[in-house]
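Novice: So that we are looking at the same thing, I have put the structure below in structure tokens.
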2 protein chains.
Amino acid sequence: MLTAVASNPDSTTLADRVFAQIRRAIVEGEIAPGCKLSEPVLAERFTVSRGPLREALRRLEAIHLIERKANVGARVVSLSGVQLVELYQIRETLEGLAARLAAEAMTDTAVAELQSLLAEHRASVARDQWQAYFQTEGDWDFHYRIVHGSGNQRLIAILCDDLYHLARLYRCQFGMKSERATAALKEHGLIVDAIAERDGELAEWLMRRHIRASRRHAEQRIAHHPIQPTMRPVP
Amino acid sequence: MLTAVASNPDSTTLADRVFAQIRRAIVEGEIAPGCKLSEPVLAERFTVSRGPLREALRRLEAIHLIERKANVGARVVSLSGVQLVELYQIRETLEGLAARLAAEAMTDTAVAELQSLLAEHRASVARDQWQAYFQTEGDWDFHYRIVHGSGNQRLIAILCDDLYHLARLYRCQFGMKSERATAALKEHGLIVDAIAERDGELAEWLMRRHIRASRRHAEQRIAHHPIQPTMRPVP
DNA sequence: AGAGCCAAAATTGTCGACAATCTAGCTTGC
DNA sequence: GCAAGCTAGATTGTCGACAATTTTGGCTCT
């Protein structure tokens with residue numbers, strides 16, 4: 001669902017694969033935030049020339065996962081609390097829009113699939129409440145579906161190709177366990193219901209409240225676990 | 001105000017300059033929508049190697065001004081009516097947010113500057129009502145200021161670095177004259193007033209209505225002047 | 001004559017080497 | 001002893017050439 005391109009040996013270009021690999025490494029915390037990305041060492045690590053590697057870095061910069069300065073180099077973005085709040089503000093607005101559009105535009109079969117996905121998540125949470133990883137992944141799945149359901153291609157691009165990668169990085173960075181999983185699941189249920197009833201206005205309002213709650217949770221967590229400007233080198 | 005980098009011979013990298021030049025050429029309609037961008041001819045036209053040129057193309061792709069397919073090449077985005085509507089939907093949401101945040105976060109001096117900018121625009125419109133170009137440029141100036149006034153760095157990046165270039169391209173493409181200039185100016189005045197009174201809720205509502213009106217205007221125009229899939233070669 | 005296939009040309013992707021720039025460590029002077 | 005300037009090393013930016021893929025033109029076959 002992400003960008004299924006990885007590990008296909010010849011269907012894409014080298015730069016595509018390197019891009020996907022580094023992105024995964026960054027988003028999953030394998031390469032630490034603030035870490036410098038040296039072109040020679042990455043080129044050797046992925047056994048490619050600096051050409052495709054530079055293209056990959058440029059694309060990582062485009063989705064704001066790394067920052068580059070001319071003649072200096074690239075670093076993984078370092079995450080601050082205010083940037084997290086900024087991200088949540090935008091997500092609240094855009095995903096609210098997505099929910100409203102989805103309620104108006106999603107096909108009946110897509111709604112049914114969304115409902116079954118939700119049922120799966122419910123079962124999964126009931127089964128193994130401890131498995132935080134798959135719960136957060138399920139959360140992403142849910143949001144991805146809604147956004148795609150909106151049908152607005154540019155909205156899909158902004159959220160799924162740019163902001164979600166950053167949001168995932170933040171979650172990994174601040175170690176967001178899913179204490180909120182059961183509450184989030186309940187909120188998801190309400191949103192799906194609103195979409196199923198084609199009530200766009202309600203779906204938007206519920207989605208905005210859902211993300212606002214998630215933001216509050218994150219803010220609280222940061223307050224206890226204050227900003228740690230990680231700058232450790234690449235493992 | 002755009003990205004003042006052009007024509008500075010050595011302060012930036014080659015790729016930066018080529019990027020800015022091609023972007024300007026595309027946004028101002030010098031290179032037609034749908035037109036193919038051949039790397040060799042562009043490299044010769046700007047007297048650079050294909051290396052920096054490819055970087056520029058990649059950055060143009062990142063802001064969605066061109067589309068690339070592997071082993072095929074790059075084309076300037078072709079504009080459809082539905083994409084225009086998609087863009088307006090997102091702008092309505094995001095700029096509404098920007099207006100609300102600006103009302104809460106802008107400094108008093110920034111508000112004063114915004115008011116004087118508005119006065120300038122009023123004078124300009126009263127003086128030479130025919131000069132459509134500067135009016136639309138003034139319109140962009142206004143929106144740029146509000147967005148920057150929000151203080152949300154990511155919001156600024158999404159709107160000013162990505163969506164606005166596309167929107168400008170659309171305006172050039174569909175030849176949006178400013179019959180709406182005087183109405184738009186009146187709406188701008190209300191928004192500035194709301195911001196000056198620190199009424200974020202009202203500012204958001206007014207901004208959304210302003211963009212909605214602009215969208216309706218564009219839709220009407222497209223209806224009379226239906227989609228012309230331009231595909232003429234580079235001049 | 002039209003459709004399908006093959007080959008050549010052009011274009012894109014990739015690579016290695018060179019030049020310009022920045023960083024770090026050392027020397028030198030106060 | 002500390003700060004400023006300089007030199008050496010490493011890193012990034014740029015270039016030209018080669019390899020792989022796509023496209024186009026012509027040819028053959030039905």
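Just remember, in the structure tokens the first chain shown is A, the second B, etc., residues are 1-based per chain, and ligands are 1-based in the order shown.
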Wanna dump the chain B-chain D contacts at 8 Å for me, each residue with its shortest atom pair and the distance in Å to one decimal, counting only C-alpha atoms (C1' of nucleotides), ordered by chain and number, as JSON lines?
Specialist:
{"residue": "B:Thr13", "atom": "CA", "partner": "D:DG13", "partner_atom": "C1'", "distance": 7.6}
{"residue": "B:Ser49", "atom": "CA", "partner": "D:DC15", "partner_atom": "C1'", "distance": 6.4}
{"residue": "B:Gly51", "atom": "CA", "partner": "D:DT14", "partner_atom": "C1'", "distance": 7.1}
{"residue": "B:Pro52", "atom": "CA", "partner": "D:DT14", "partner_atom": "C1'", "distance": 7.4}
{"residue": "B:Asn71", "atom": "CA", "partner": "D:DT21", "partner_atom": "C1'", "distance": 6.2}
{"residue": "B:Val72", "atom": "CA", "partner": "D:DT22", "partner_atom": "C1'", "distance": 6.7}
Novice: Can you spit out the residues from that selection as a short mmCIF file (atom, residue, chain, number, x, y, z; two decimals), in the first residue's frame, using C-alpha atoms?
Specialist:
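The result, stored in part-v8.cif:
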data_model
loop_
_atom_site.label_atom_id
_atom_site.label_comp_id
_atom_site.auth_asym_id
_atom_site.auth_seq_id
_atom_site.Cartn_x
_atom_site.Cartn_y
_atom_site.Cartn_z
CA THR B 13 24.63 26.21 -7.70
CA SER B 49 25.67 19.69 -18.63
CA GLY B 51 23.80 16.60 -14.63
CA PRO B 52 22.57 19.89 -13.17
CA ASN B 71 13.12 5.86 -19.80
CA VAL B 72 10.62 8.11 -21.54
#
Novice: Which residues of chain C are close to chain B, meaning at most 8 Å apart when you count only C-alpha atoms (C1' of nucleotides), and how do they look as a list in words?
Specialist: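 Result, ordered by chain then number: DT11, DT12 and DG13 of chain C.
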Novice: Restricted to C-alpha atoms (C1' of nucleotides), what would the selected residues look like written as a PDB file, in the first residue's frame?
Specialist:
ATOM      1  C1'  DT C  11      16.972   9.627 -25.648  1.00  0.00           C
ATOM      2  C1'  DT C  12      17.387   8.419 -20.945  1.00  0.00           C
ATOM      3  C1'  DG C  13      19.960   6.058 -17.083  1.00  0.00           C
TER       4       DG C  13
END
Novice: So how far away is atom CA of A:Leu206 from atom CA of A:Leu190, in Å?
Specialist: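 We find that atom CA of A:Leu190 and atom CA of A:Leu206 lie 7.3 Å from each other.
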Novice: Write out as a ChimeraX atom specification every residue belonging to chain A that has an atom at most 12 Å from any atom of chain B, counting only C-alpha atoms.
Specialist: /A:10-16,50-64,69-72,82-98,100-101,150-159,161-163,166,204
Novice: Using Å and a single decimal, report how far atom CA of B:Arg171 sits from atom CA of B:Ala123.
Specialist: 23.3 Å
Novice: Run DSSP on the backbone of this structure and report the residues of stretch 36-207 of chain B it assigns to helix (DSSP H, G or I), as a PyMOL selection string.
Specialist: chain B and resi 39-45+50-62+81-105+108-127+132-150+153-173+181-196+200-207
